[in-house]
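final_13.cif follows (mmCIF, C-alpha atoms and all ligand atoms):
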```
data_upload
loop_
_atom_site.label_atom_id
_atom_site.label_comp_id
_atom_site.auth_asym_id
_atom_site.auth_seq_id
_atom_site.Cartn_x
_atom_site.Cartn_y
_atom_site.Cartn_z
CA PRO J 25 -175.65 -3.17 25.73
CA ALA J 26 -178.08 -3.55 28.60
CA SER J 27 -176.18 -1.41 31.06
CA THR J 28 -175.59 1.66 28.90
CA THR J 29 -177.31 4.76 30.19
CA GLU J 30 -177.39 8.35 29.04
CA PRO J 31 -176.38 10.54 32.00
CA ARG J 32 -176.79 13.72 29.98
CA ALA J 33 -177.78 14.54 26.44
CA GLY J 34 -175.44 13.00 23.91
CA ASP J 35 -173.09 11.51 26.47
CA LEU J 36 -173.23 7.74 26.58
CA ALA J 37 -172.06 5.97 29.73
CA VAL J 38 -171.11 2.32 30.11
CA GLY J 39 -170.92 0.76 33.55
CA GLY J 40 -171.55 4.20 35.03
CA VAL J 41 -168.59 5.87 33.27
CA PRO J 42 -169.18 8.34 30.42
CA LEU J 43 -167.41 7.10 27.29
CA ALA J 44 -166.10 10.60 26.59
CA GLU J 45 -164.25 10.45 29.90
CA ILE J 46 -162.70 7.10 28.94
CA ALA J 47 -161.63 8.52 25.58
CA ASP J 48 -159.97 11.45 27.38
CA ARG J 49 -158.17 9.22 29.80
CA PHE J 50 -156.99 6.38 27.53
CA GLY J 51 -157.01 8.06 24.12
CA THR J 52 -158.72 6.68 21.02
CA PRO J 53 -159.40 4.28 19.49
CA VAL J 54 -160.24 2.49 22.70
CA TYR J 55 -162.29 -0.62 23.42
CA VAL J 56 -164.43 -0.55 26.54
CA LEU J 57 -165.68 -3.71 28.23
CA ASP J 58 -168.50 -3.67 30.73
CA GLU J 59 -167.45 -6.16 33.40
CA SER J 60 -170.95 -6.46 34.91
CA GLU J 61 -172.42 -7.23 31.55
CA VAL J 62 -169.88 -9.98 30.81
CA ARG J 63 -170.57 -11.50 34.23
CA GLU J 64 -174.32 -11.15 33.78
CA ARG J 65 -174.15 -12.93 30.42
CA CYS J 66 -172.15 -15.76 31.98
CA ARG J 67 -174.84 -16.08 34.66
CA THR J 68 -177.58 -16.10 32.04
CA TYR J 69 -175.87 -19.14 30.51
CA ARG J 70 -175.44 -20.86 33.88
CA HIS J 71 -179.15 -20.35 34.62
CA ALA J 72 -180.37 -21.37 31.17
CA PHE J 73 -178.13 -24.48 31.10
CA PRO J 74 -177.86 -25.54 34.75
CA ASP J 75 -176.70 -29.11 34.01
CA ALA J 76 -174.51 -28.32 31.04
CA GLU J 77 -170.87 -27.38 30.97
CA VAL J 78 -170.53 -23.89 29.49
CA LEU J 79 -167.13 -23.18 27.96
CA TYR J 80 -166.38 -19.62 26.90
CA ALA J 81 -164.88 -19.59 23.40
CA ALA J 82 -161.71 -17.61 23.97
CA LYS J 83 -161.29 -16.75 20.29
CA ALA J 84 -164.07 -14.14 20.63
CA PHE J 85 -161.82 -12.08 22.92
CA LEU J 86 -159.33 -13.00 25.61
CA CYS J 87 -157.34 -11.09 28.18
CA ARG J 88 -156.46 -11.92 31.78
CA ALA J 89 -159.51 -10.14 33.17
CA MET J 90 -161.82 -12.10 30.86
CA VAL J 91 -160.20 -15.36 32.02
CA HIS J 92 -160.78 -14.32 35.60
CA TRP J 93 -164.39 -13.19 35.09
CA VAL J 94 -165.57 -16.28 33.22
CA GLY J 95 -163.76 -18.54 35.70
CA GLU J 96 -165.40 -16.84 38.67
CA GLU J 97 -168.81 -17.14 37.01
CA GLY J 98 -168.39 -20.91 36.70
CA LEU J 99 -167.59 -21.25 32.99
CA GLY J 100 -164.82 -23.34 31.49
CA LEU J 101 -162.75 -22.29 28.47
CA ASP J 102 -162.45 -23.36 24.86
CA VAL J 103 -159.06 -22.44 23.42
CA CYS J 104 -157.51 -23.10 20.04
CA SER J 105 -153.84 -22.24 20.41
CA ALA J 106 -150.89 -22.37 22.77
CA GLY J 107 -151.27 -18.60 23.06
CA GLU J 108 -154.82 -18.67 24.39
CA LEU J 109 -154.00 -21.65 26.58
CA GLU J 110 -150.89 -20.12 28.09
CA LEU J 111 -152.66 -16.82 28.86
CA ALA J 112 -155.49 -18.68 30.60
CA VAL J 113 -153.31 -21.01 32.66
CA THR J 114 -150.83 -18.30 33.71
CA THR J 115 -153.85 -16.30 34.93
CA GLY J 116 -154.65 -19.20 37.23
CA PHE J 117 -157.38 -20.89 35.23
CA PRO J 118 -157.47 -24.65 35.98
CA ALA J 119 -156.25 -26.58 32.94
CA GLU J 120 -158.74 -29.40 33.48
CA ARG J 121 -161.58 -26.93 32.75
CA ILE J 122 -160.05 -26.14 29.35
CA LEU J 123 -160.79 -27.81 26.02
CA LEU J 124 -158.41 -27.48 23.06
CA HIS J 125 -159.67 -27.16 19.50
CA GLY J 126 -158.14 -26.69 16.10
CA ASN J 127 -158.21 -28.18 12.62
CA ALA J 128 -154.41 -27.90 12.45
CA LYS J 129 -152.97 -28.01 15.94
CA SER J 130 -149.25 -27.37 15.95
CA PRO J 131 -146.79 -29.59 17.82
CA ARG J 132 -146.37 -26.70 20.25
CA ASP J 133 -150.15 -26.49 20.86
CA LEU J 134 -150.31 -30.19 21.64
CA GLU J 135 -147.14 -30.27 23.70
CA LEU J 136 -148.31 -27.39 25.91
CA ALA J 137 -151.85 -28.78 26.22
CA LEU J 138 -150.52 -32.16 27.38
CA ARG J 139 -147.89 -30.66 29.67
CA LEU J 140 -150.43 -28.38 31.36
CA GLY J 141 -153.04 -31.13 31.48
CA VAL J 142 -156.01 -29.70 29.57
CA GLY J 143 -159.30 -31.45 30.27
CA ARG J 144 -160.11 -32.42 26.70
CA ILE J 145 -158.67 -32.23 23.21
CA VAL J 146 -161.03 -32.23 20.24
CA ILE J 147 -159.74 -34.39 17.40
CA ASP J 148 -160.58 -32.75 14.10
CA SER J 149 -158.96 -35.06 11.54
CA PRO J 150 -157.73 -38.66 11.17
CA SER J 151 -154.15 -37.47 10.79
CA GLU J 152 -154.18 -36.18 14.33
CA ILE J 153 -154.94 -39.48 16.04
CA ALA J 154 -151.58 -41.23 15.97
CA ARG J 155 -149.70 -37.97 16.46
CA LEU J 156 -151.70 -37.14 19.57
CA ALA J 157 -151.42 -40.67 20.99
CA ALA J 158 -147.63 -40.55 20.52
CA ALA J 159 -147.44 -37.15 22.20
CA VAL J 160 -149.47 -38.34 25.21
CA GLY J 161 -146.70 -40.76 26.05
CA PRO J 162 -146.73 -44.15 27.76
CA GLY J 163 -148.75 -44.78 30.89
CA ARG J 164 -150.97 -41.73 30.41
CA ARG J 165 -154.49 -41.19 29.05
CA GLN J 166 -155.89 -38.03 27.49
CA LYS J 167 -159.61 -37.34 27.27
CA VAL J 168 -160.60 -36.54 23.70
CA MET J 169 -163.71 -35.67 21.76
CA VAL J 170 -164.30 -36.08 18.04
CA ARG J 171 -165.50 -33.25 15.86
CA VAL J 172 -167.96 -34.42 13.26
CA VAL J 173 -169.69 -32.62 10.41
CA PRO J 174 -173.40 -32.79 11.14
CA GLY J 175 -174.36 -31.69 7.62
CA VAL J 176 -176.43 -28.76 8.87
CA SER J 177 -176.18 -25.36 7.21
CA ALA J 178 -176.46 -22.43 9.64
CA GLY J 179 -174.68 -19.18 10.40
CA GLY J 180 -174.67 -15.49 9.62
CA HIS J 181 -172.28 -15.63 6.66
CA ASP J 182 -170.79 -18.25 4.32
CA LYS J 183 -167.35 -17.74 5.82
CA ILE J 184 -168.57 -18.69 9.28
CA ARG J 185 -170.66 -21.77 8.42
CA THR J 186 -168.92 -24.88 9.71
CA GLY J 187 -171.64 -27.51 9.86
CA THR J 188 -171.69 -28.34 6.14
CA GLU J 189 -169.62 -30.79 4.09
CA ASP J 190 -167.82 -28.21 1.96
CA GLN J 191 -165.57 -26.73 4.64
CA LYS J 192 -162.41 -27.69 6.49
CA PHE J 193 -163.60 -28.57 10.01
CA GLY J 194 -164.48 -31.94 11.45
CA MET J 195 -165.05 -35.36 9.95
CA SER J 196 -167.93 -36.21 7.70
CA LEU J 197 -170.67 -38.66 8.65
CA ARG J 198 -170.77 -39.70 5.01
CA ASP J 199 -169.32 -43.03 3.90
CA GLY J 200 -168.35 -43.90 7.46
CA TYR J 201 -165.46 -41.40 7.45
CA ALA J 202 -166.00 -40.22 11.05
CA GLN J 203 -166.90 -43.72 12.20
CA HIS J 204 -163.67 -45.12 10.80
CA ALA J 205 -161.64 -42.47 12.62
CA ILE J 206 -163.52 -43.16 15.83
CA ALA J 207 -162.69 -46.86 15.56
CA ARG J 208 -159.02 -45.89 15.32
CA ILE J 209 -159.32 -43.68 18.39
CA LEU J 210 -160.91 -46.51 20.35
CA ASP J 211 -157.90 -48.64 19.44
CA GLN J 212 -155.53 -46.16 21.10
CA PRO J 213 -155.10 -47.04 24.79
CA ARG J 214 -153.72 -43.54 25.47
CA LEU J 215 -156.87 -41.80 24.23
CA GLU J 216 -160.15 -41.84 26.13
CA LEU J 217 -163.07 -40.85 23.90
CA THR J 218 -165.62 -38.94 26.00
CA GLY J 219 -167.98 -37.74 23.31
CA LEU J 220 -168.87 -36.19 19.97
CA HIS J 221 -168.47 -32.54 19.10
CA CYS J 222 -169.86 -30.27 16.43
CA HIS J 223 -169.92 -26.53 15.80
CA LEU J 224 -172.46 -25.42 13.23
CA GLY J 225 -171.25 -21.93 12.59
CA SER J 226 -171.56 -18.51 14.07
CA GLN J 227 -174.22 -15.82 14.50
CA ILE J 228 -177.09 -18.35 14.38
CA THR J 229 -180.39 -16.82 15.50
CA THR J 230 -182.77 -19.81 15.45
CA VAL J 231 -182.93 -23.02 17.50
CA LYS J 232 -183.80 -25.36 14.64
CA PRO J 233 -180.29 -26.06 13.30
CA TYR J 234 -179.16 -27.11 16.79
CA LEU J 235 -182.00 -29.63 16.99
CA ALA J 236 -181.05 -31.05 13.61
CA ALA J 237 -177.47 -31.40 14.85
CA VAL J 238 -178.63 -33.18 18.02
CA ARG J 239 -180.54 -35.69 15.88
CA ARG J 240 -177.52 -36.39 13.68
CA LEU J 241 -175.16 -36.77 16.61
CA VAL J 242 -177.50 -38.98 18.63
CA GLY J 243 -177.85 -41.11 15.49
CA LEU J 244 -174.09 -41.54 15.39
CA MET J 245 -173.94 -42.27 19.13
CA ALA J 246 -176.49 -45.05 18.59
CA ARG J 247 -174.45 -46.52 15.70
CA LEU J 248 -171.28 -46.43 17.81
CA HIS J 249 -173.13 -48.13 20.64
CA GLY J 250 -174.28 -50.87 18.32
CA GLN J 251 -170.90 -51.29 16.65
CA HIS J 252 -168.51 -50.97 19.61
CA GLY J 253 -170.78 -51.22 22.64
CA ILE J 254 -169.64 -47.81 23.85
CA VAL J 255 -171.74 -45.22 25.67
CA LEU J 256 -170.34 -41.72 25.24
CA PRO J 257 -170.91 -39.60 28.36
CA GLU J 258 -170.61 -36.14 26.72
CA LEU J 259 -172.02 -34.23 23.77
CA ASP J 260 -170.61 -30.86 22.71
CA LEU J 261 -172.79 -28.69 20.47
CA GLY J 262 -170.25 -25.88 20.04
CA GLY J 263 -171.24 -22.22 20.07
CA GLY J 264 -172.58 -19.85 17.44
CA HIS J 265 -175.36 -18.18 19.41
CA GLY J 266 -176.38 -15.07 17.50
CA ILE J 267 -176.69 -11.56 18.96
CA ALA J 268 -178.23 -8.29 17.76
CA TYR J 269 -175.69 -5.85 16.37
CA ARG J 270 -178.28 -3.13 15.77
CA PRO J 271 -181.47 -2.31 17.62
CA GLY J 272 -184.33 -4.51 16.44
CA GLU J 273 -182.17 -7.31 15.07
CA PRO J 274 -182.94 -10.86 16.26
CA ALA J 275 -180.79 -12.70 18.79
CA LEU J 276 -180.87 -16.40 19.65
CA ASP J 277 -183.25 -17.11 22.54
CA LEU J 278 -181.04 -19.01 24.99
CA THR J 279 -183.90 -20.22 27.17
CA ALA J 280 -185.66 -21.70 24.15
CA LEU J 281 -182.38 -23.21 22.96
CA ALA J 282 -181.76 -24.85 26.32
CA ARG J 283 -185.29 -26.20 26.64
CA GLN J 284 -185.61 -27.54 23.11
CA VAL J 285 -182.12 -29.05 22.96
CA ARG J 286 -182.75 -30.80 26.26
CA ALA J 287 -186.09 -32.17 24.98
CA GLU J 288 -184.62 -33.32 21.66
CA LEU J 289 -181.66 -34.96 23.36
CA THR J 290 -183.79 -36.72 25.97
CA ALA J 291 -186.24 -38.02 23.37
CA GLY J 292 -183.50 -39.09 20.93
CA CYS J 293 -181.53 -40.93 23.59
CA ALA J 294 -184.63 -42.63 24.96
CA ALA J 295 -185.52 -43.86 21.47
CA ALA J 296 -181.98 -45.17 20.97
CA GLY J 297 -181.83 -46.76 24.42
CA LEU J 298 -178.93 -44.55 25.47
CA PRO J 299 -178.41 -42.55 28.65
CA VAL J 300 -178.56 -38.75 28.10
CA PRO J 301 -175.00 -37.42 27.79
CA ARG J 302 -173.82 -34.33 29.61
CA LEU J 303 -174.22 -31.34 27.32
CA ILE J 304 -171.33 -28.98 26.60
CA ILE J 305 -171.74 -25.63 24.84
CA GLU J 306 -169.11 -23.12 23.71
CA PRO J 307 -170.52 -19.60 23.36
CA GLY J 308 -168.08 -16.81 22.51
CA ARG J 309 -169.80 -13.88 20.83
CA ALA J 310 -172.93 -13.98 23.01
CA VAL J 311 -170.83 -13.74 26.19
CA VAL J 312 -168.68 -10.76 25.25
CA GLY J 313 -169.99 -9.11 22.05
CA PRO J 314 -172.71 -6.88 23.52
CA ALA J 315 -170.49 -6.01 26.51
CA GLY J 316 -167.97 -4.12 24.36
CA VAL J 317 -168.01 -0.65 22.80
CA ALA J 318 -165.38 0.82 20.48
CA VAL J 319 -164.76 4.56 20.73
CA TYR J 320 -163.10 6.54 17.94
CA HIS J 321 -162.32 10.17 17.22
CA VAL J 322 -163.46 11.60 13.91
CA LEU J 323 -160.39 12.82 12.02
CA SER J 324 -161.93 14.08 8.79
CA VAL J 325 -165.23 14.63 7.04
CA LYS J 326 -165.38 14.67 3.26
CA HIS J 327 -168.28 15.32 0.92
CA THR J 328 -168.16 13.78 -2.53
CA GLY J 329 -170.95 14.04 -5.06
CA GLU J 330 -172.88 11.17 -3.55
CA HIS J 331 -171.38 10.38 -0.18
CA THR J 332 -170.27 11.93 3.05
CA PHE J 333 -167.25 10.06 4.38
CA VAL J 334 -166.61 10.35 8.08
CA ALA J 335 -163.10 9.02 8.76
CA VAL J 336 -162.10 7.82 12.22
CA ASP J 337 -158.77 7.01 13.87
CA GLY J 338 -159.23 3.21 13.70
CA GLY J 339 -160.69 0.92 11.09
CA MET J 340 -160.19 -2.51 9.58
CA SER J 341 -157.11 -3.21 11.70
CA ASP J 342 -159.18 -3.16 14.91
CA ASN J 343 -162.50 -4.25 13.37
CA PRO J 344 -162.10 -6.38 10.25
CA ARG J 345 -165.69 -7.69 10.41
CA PRO J 346 -167.37 -5.25 8.00
CA ALA J 347 -164.61 -5.80 5.42
CA LEU J 348 -164.65 -9.60 5.88
CA TYR J 349 -168.35 -10.30 6.18
CA GLY J 350 -170.05 -7.07 5.10
CA VAL J 351 -171.90 -6.87 8.41
CA PRO J 352 -173.65 -3.67 9.46
CA TYR J 353 -172.95 -1.68 12.64
CA ALA J 354 -174.76 1.30 14.14
CA PRO J 355 -172.20 3.93 15.19
CA ARG J 356 -173.41 6.92 17.15
CA LEU J 357 -172.19 10.37 18.02
CA ILE J 358 -171.26 10.70 21.69
CA GLY J 359 -169.73 13.33 23.93
CA ARG J 360 -171.85 16.28 22.81
CA HIS J 361 -175.45 17.03 22.08
CA SER J 362 -176.31 17.77 18.46
CA ALA J 363 -179.61 19.26 17.38
CA ALA J 364 -178.74 18.70 13.71
CA ALA J 365 -181.01 16.43 11.67
CA PRO J 366 -179.64 12.97 10.90
CA ALA J 367 -177.96 12.62 7.52
CA PRO J 368 -176.64 9.51 5.72
CA VAL J 369 -172.88 9.08 6.02
CA THR J 370 -170.34 6.31 5.53
CA VAL J 371 -167.97 5.81 8.45
CA VAL J 372 -164.55 4.78 7.18
CA GLY J 373 -161.27 3.92 8.81
CA ARG J 374 -157.75 5.29 8.40
CA HIS J 375 -156.28 2.39 6.45
CA CYS J 376 -154.90 2.53 2.95
CA GLU J 377 -157.67 0.87 1.03
CA ALA J 378 -161.14 1.78 -0.15
CA GLY J 379 -162.67 -1.30 1.48
CA ASP J 380 -161.82 0.05 4.92
CA VAL J 381 -165.45 0.90 5.68
CA LEU J 382 -166.74 0.50 9.25
CA ALA J 383 -170.38 1.37 8.56
CA ALA J 384 -171.88 2.22 5.17
CA ASP J 385 -174.90 4.50 4.84
CA VAL J 386 -175.69 5.09 8.46
CA ALA J 387 -177.44 8.10 9.95
CA LEU J 388 -175.38 10.56 12.01
CA PRO J 389 -176.17 14.19 12.88
CA ALA J 390 -175.47 16.32 9.79
CA ASP J 391 -173.03 18.51 11.72
CA VAL J 392 -170.65 15.62 12.59
CA ARG J 393 -167.14 17.08 12.45
CA PRO J 394 -163.48 16.38 13.17
CA GLY J 395 -162.89 16.08 16.91
CA ASP J 396 -166.23 14.38 17.52
CA LEU J 397 -166.38 11.01 19.23
CA LEU J 398 -168.14 8.03 17.69
CA ALA J 399 -169.11 4.93 19.65
CA VAL J 400 -169.61 1.58 17.92
CA PRO J 401 -171.71 -0.65 20.19
CA VAL J 402 -171.56 -4.47 20.27
CA ALA J 403 -167.81 -4.44 19.68
CA GLY J 404 -166.71 -7.00 22.27
CA ALA J 405 -166.37 -10.10 20.08
CA TYR J 406 -164.07 -10.76 17.10
CA HIS J 407 -162.79 -7.20 16.86
CA LEU J 408 -159.57 -7.08 18.86
CA SER J 409 -159.17 -10.85 18.74
CA MET J 410 -158.89 -10.47 14.96
CA ALA J 411 -157.00 -7.17 15.05
CA SER J 412 -154.04 -6.90 12.70
CA GLY J 413 -150.88 -4.87 12.46
CA TYR J 414 -151.92 -3.30 9.17
CA ASN J 415 -150.26 0.05 8.47
CA MET J 416 -148.44 -0.23 11.81
CA VAL J 417 -151.04 1.89 13.55
CA GLY J 418 -150.81 -0.18 16.76
CA ARG J 419 -153.58 -2.18 18.37
CA PRO J 420 -155.98 -0.21 20.62
CA PRO J 421 -156.12 -0.60 24.39
CA VAL J 422 -158.92 -2.28 26.32
CA ALA J 423 -160.45 -0.63 29.36
CA ALA J 424 -162.90 -2.25 31.77
CA VAL J 425 -165.70 -0.35 33.41
CA HIS J 426 -167.31 -1.49 36.61
CA ALA J 427 -169.40 0.30 39.23
CA GLY J 428 -168.53 3.77 37.99
CA HIS J 429 -164.79 3.14 37.58
CA ALA J 430 -162.66 2.53 34.53
CA ARG J 431 -159.36 0.65 34.52
CA LEU J 432 -156.91 -0.38 31.85
CA LEU J 433 -156.82 -4.10 31.01
CA VAL J 434 -154.66 -4.17 27.89
CA ARG J 435 -152.43 -1.24 26.98
CA ARG J 436 -152.18 0.34 23.56
CA GLU J 437 -149.55 -1.15 21.26
CA SER J 438 -146.85 1.51 21.13
CA LEU J 439 -144.32 2.54 18.52
CA ASP J 440 -141.73 0.90 20.79
CA ASP J 441 -143.65 -2.40 20.65
CA ILE J 442 -143.76 -2.25 16.89
CA ARG J 443 -140.08 -1.35 16.55
CA SER J 444 -138.80 -3.81 19.13
CA ARG J 445 -140.10 -6.92 17.36
CA ASP J 446 -138.06 -6.05 14.32
CA VAL J 447 -134.63 -7.48 15.05
CA GLY J 448 -133.19 -7.71 11.53
CA LEU J 449 -131.16 -5.47 9.20
N1 LIG O 501 -166.65 -23.37 19.20
C1 LIG O 501 -165.93 -23.50 18.07
C2 LIG O 501 -165.35 -24.81 17.75
C3 LIG O 501 -165.75 -22.41 17.22
O1 LIG O 501 -165.06 -22.56 16.11
C4 LIG O 501 -166.34 -21.16 17.56
C5 LIG O 501 -166.17 -20.00 16.70
C6 LIG O 501 -167.05 -21.07 18.76
C7 LIG O 501 -167.19 -22.19 19.56
C8 LIG O 501 -167.68 -19.79 19.23
O2 LIG O 501 -168.64 -19.30 18.34
P1 LIG O 501 -169.52 -18.02 18.74
O3 LIG O 501 -170.38 -18.43 19.89
O4 LIG O 501 -168.59 -16.94 19.14
O5 LIG O 501 -170.26 -17.69 17.52
N2 LIG O 501 -164.81 -14.19 13.15
C9 LIG O 501 -166.22 -14.50 12.99
C10 LIG O 501 -166.67 -15.62 13.86
C11 LIG O 501 -165.88 -16.87 13.67
C12 LIG O 501 -166.20 -17.89 14.71
C13 LIG O 501 -165.20 -18.97 14.73
N3 LIG O 501 -165.50 -20.04 15.61
C14 LIG O 501 -167.05 -13.24 13.22
O6 LIG O 501 -166.48 -12.20 13.48
O7 LIG O 501 -168.27 -13.29 13.09
#
```
Would you write the structure of this file as structure tokens?
Amino acid sequence: PASTTEPRAGDLAVGGVPLAEIADRFGTPVYVLDESEVRERCRTYRHAFPDAEVLYAAKAFLCRAMVHWVGEEGLGLDVCSAGELELAVTTGFPAERILLHGNAKSPRDLELALRLGVGRIVIDSPSEIARLAAAVGPGRRQKVMVRVVPGVSAGGHDKIRTGTEDQKFGMSLRDGYAQHAIARILDQPRLELTGLHCHLGSQITTVKPYLAAVRRLVGLMARLHGQHGIVLPELDLGGGHGIAYRPGEPALDLTALARQVRAELTAGCAAAGLPVPRLIIEPGRAVVGPAGVAVYHVLSVKHTGEHTFVAVDGGMSDNPRPALYGVPYAPRLIGRHSAAAPAPVTVVGRHCEAGDVLAADVALPADVRPGDLLAVPVAGAYHLSMASGYNMVGRPPVAAVHAGHARLLVRRESLDDIRSRDVGL
């Protein structure tokens, strides 16, 4: 993260607070969010995309403070459940700046979204159309968008590619499938179609796939104009902007993305005789990922014939990403200075399966030992938002650092929390 500094040898500080101090105060594992960095990243988006609407994708990580920060920095929100929606609105976030997604929205999701008055709902399948129109009720109109499959393959891992035909999201452009659904939406007086939506996938590091998506979507806008005479005022390109998880890895260049998307959109619309729609983007990871650090204590060190296993007090329940996608992280020793040479180790978690590996074959000082602290940088996105209750270890707390102070945002899940949900016997 940009704002990490090293106040003294081996002691990493975030937002002016040494991580070792945060570990002492809140215990481990603990997730630390750098408020200034989140805000700075929001501002980077506002500057790169001054005429676009930037919606933070809440699924990357949400808590009340996040809602507050992104709102203050002028972003809207993309949510995909009643849970995310309710947290945002009860924090004071204006519902009209919220967009609801989901390939299988529950009746409760829709009921809450309509009751609170969300700005837009993205229709993901034909079966949603009549159900949504009925739920809107007589005399009212809900703004909707339509998620289409642009047929563009992009993303850091097969499991997070969503722009291709062979996955569950959106409606295909093939055989008029999306067009047919759109005609049905236009027939519903309670639904107001404001634009097309697509989301290519996640952890995309080049601009090209976005340009291909713009071309496909502008093509569809032109066909819809010809067929129904409609001009859609908005175009949502989703999120997926890739970040570097380890030093030297590529990240998506947001300035280049903004400039090239704008050029492609302007040229495509001019050629089709359409006005340029307002652009919407939905970044999640790139807003919060680099602003988070996970801190663990080492609990055991074990040497086998070929490996050194360094086991920490968290694991796949707070960070399922290595187990799910096999992605590499770069943990580092913090809290003390070590003069020992680096040695290859595998950092593992505390969970009851061999696949609970946080970082395979990484270099740590050879004298790493129980009681040491390890920091895992770039831990802000899709760690805690995908945390599970596995082995009943309890979800870690989240602390925010800002201007040399740390404060608790989300408390640790306690044994009481775990016990109190269980009301059977
Ligand atoms: N918009 C839509 C409709 C999405 O489905 C997503 C992410 C985003 C925006 C935000 O994408 P981002 O900018 O954060 O890449 N668990 C995976 C990532 C799954 C992303 C799901 N959708 C991971 O840990 O890499």
If we count only C-alpha atoms, what is near range 412-421 of chain J at a cut-off of 6 Å, once residues fewer than 4 positions away on the same chain are taken out, given as a ChimeraX atom specification?
/J:53-54,341,434-437
Each chain J residue no farther than 7 Å from ligand LIG 501 (chain O), nearest pair in Å, only C-alpha atoms and all ligand atoms, as a Markdown table:
```
| residue | atom | partner | partner_atom | distance |
| --- | --- | --- | --- | --- |
| J:Ala81 | CA | O:LIG501 | C8 | 5.0 |
| J:Lys83 | CA | O:LIG501 | C5 | 6.9 |
| J:Ala84 | CA | O:LIG501 | O4 | 5.5 |
| J:His125 | CA | O:LIG501 | C2 | 6.4 |
| J:Ile184 | CA | O:LIG501 | C11 | 5.5 |
| J:His223 | CA | O:LIG501 | C2 | 5.3 |
| J:Gly225 | CA | O:LIG501 | O5 | 6.6 |
| J:Ser226 | CA | O:LIG501 | O5 | 3.8 |
| J:Gln227 | CA | O:LIG501 | O5 | 5.3 |
| J:Gly262 | CA | O:LIG501 | N1 | 4.5 |
| J:Gly263 | CA | O:LIG501 | O3 | 3.9 |
| J:Gly264 | CA | O:LIG501 | O5 | 3.2 |
| J:His265 | CA | O:LIG501 | O3 | 5.0 |
| J:Gly266 | CA | O:LIG501 | O5 | 6.7 |
| J:Glu306 | CA | O:LIG501 | C7 | 4.7 |
| J:Pro307 | CA | O:LIG501 | O3 | 3.7 |
| J:Gly308 | CA | O:LIG501 | O4 | 3.4 |
| J:Arg309 | CA | O:LIG501 | O4 | 3.7 |
| J:Ala310 | CA | O:LIG501 | O3 | 6.0 |
| J:Arg345 | CA | O:LIG501 | O6 | 5.5 |
| J:Ala405 | CA | O:LIG501 | O6 | 6.9 |
| J:Tyr406 | CA | O:LIG501 | O6 | 4.6 |
```
Any idea what's packed within 12 Å of His252 in chain J, counting all atoms listed in the file, ignoring anything in its chain fewer than 3 positions away? Could you give it as a PyMOL selection string?
chain J and resi 203-204+206-211+244-249+255-256
Env of Pro401 in chain J: 9 Å cut, atoms = all atoms listed in the file, seq-sep filter 4 positions within chain, self excluded. Answer as an NGL selection string.
:J and (25 or 269-270 or 313-319 or 353-356)
Dump C-alpha atoms for the selected residues as a PDB file, in the coordinates of the input?
```pdb
ATOM      1  CA  PRO J  25    -175.650  -3.170  25.730  1.00  0.00           C
ATOM      2  CA  TYR J 269    -175.690  -5.850  16.370  1.00  0.00           C
ATOM      3  CA  ARG J 270    -178.280  -3.130  15.770  1.00  0.00           C
ATOM      4  CA  GLY J 313    -169.990  -9.110  22.050  1.00  0.00           C
ATOM      5  CA  PRO J 314    -172.710  -6.880  23.520  1.00  0.00           C
ATOM      6  CA  ALA J 315    -170.490  -6.010  26.510  1.00  0.00           C
ATOM      7  CA  GLY J 316    -167.970  -4.120  24.360  1.00  0.00           C
ATOM      8  CA  VAL J 317    -168.010  -0.650  22.800  1.00  0.00           C
ATOM      9  CA  ALA J 318    -165.380   0.820  20.480  1.00  0.00           C
ATOM     10  CA  VAL J 319    -164.760   4.560  20.730  1.00  0.00           C
ATOM     11  CA  TYR J 353    -172.950  -1.680  12.640  1.00  0.00           C
ATOM     12  CA  ALA J 354    -174.760   1.300  14.140  1.00  0.00           C
ATOM     13  CA  PRO J 355    -172.200   3.930  15.190  1.00  0.00           C
ATOM     14  CA  ARG J 356    -173.410   6.920  17.150  1.00  0.00           C
TER      15      ARG J 356
END
```
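Taking all atoms listed in the file, the non-local environment of Pro274 in chain J within 7 Å (same-chain residues fewer than 4 positions away omitted) comprises Thr229, Ile267 and Ala268 of chain J.
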Using C-alpha atoms, can you export the residues from the last selection as an mmCIF file, in the coordinates of the input?
```
data_model
loop_
_atom_site.group_PDB
_atom_site.id
_atom_site.type_symbol
_atom_site.label_atom_id
_atom_site.label_comp_id
_atom_site.auth_asym_id
_atom_site.auth_seq_id
_atom_site.Cartn_x
_atom_site.Cartn_y
_atom_site.Cartn_z
ATOM 1 C CA THR J 229 -180.390 -16.820 15.500
ATOM 2 C CA ILE J 267 -176.690 -11.560 18.960
ATOM 3 C CA ALA J 268 -178.230 -8.290 17.760
#
```
One decimal, in Å: what's the spacing between CA of Asp391 in chain J and CA of Thr328 in chain J?
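About the pair CA of Asp391 in chain J and CA of Thr328 in chain J: they are 15.8 Å apart.
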Neighbours of range 37-52 of chain J within 10 Å (all atoms listed in the file; same-chain residues fewer than 3 positions away dropped), as number ranges by chain?
J: 25-32, 34, 55-61, 315-322, 336-338, 358-360, 396-399, 420-432, 435-436
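Minimum distance to Thr230 in chain J across J:Ile254, J:Asp199, J:Asp441, J:Thr279 (counting all atoms listed in the file) occurs at J:Thr279.
Picture a line from CA of Asp190 in chain J to CA of Ala237 in chain J; it runs 16.4 Å.
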Which is closest to His361 in chain J among J:Pro389, J:Pro118, J:Gly329, J:Pro346, if we use all atoms listed in the file?
J:Pro389
Please, what distance in Å, to one decimal, runs between CA of Leu79 in chain J and CA of Leu124 in chain J?
10.9 Å
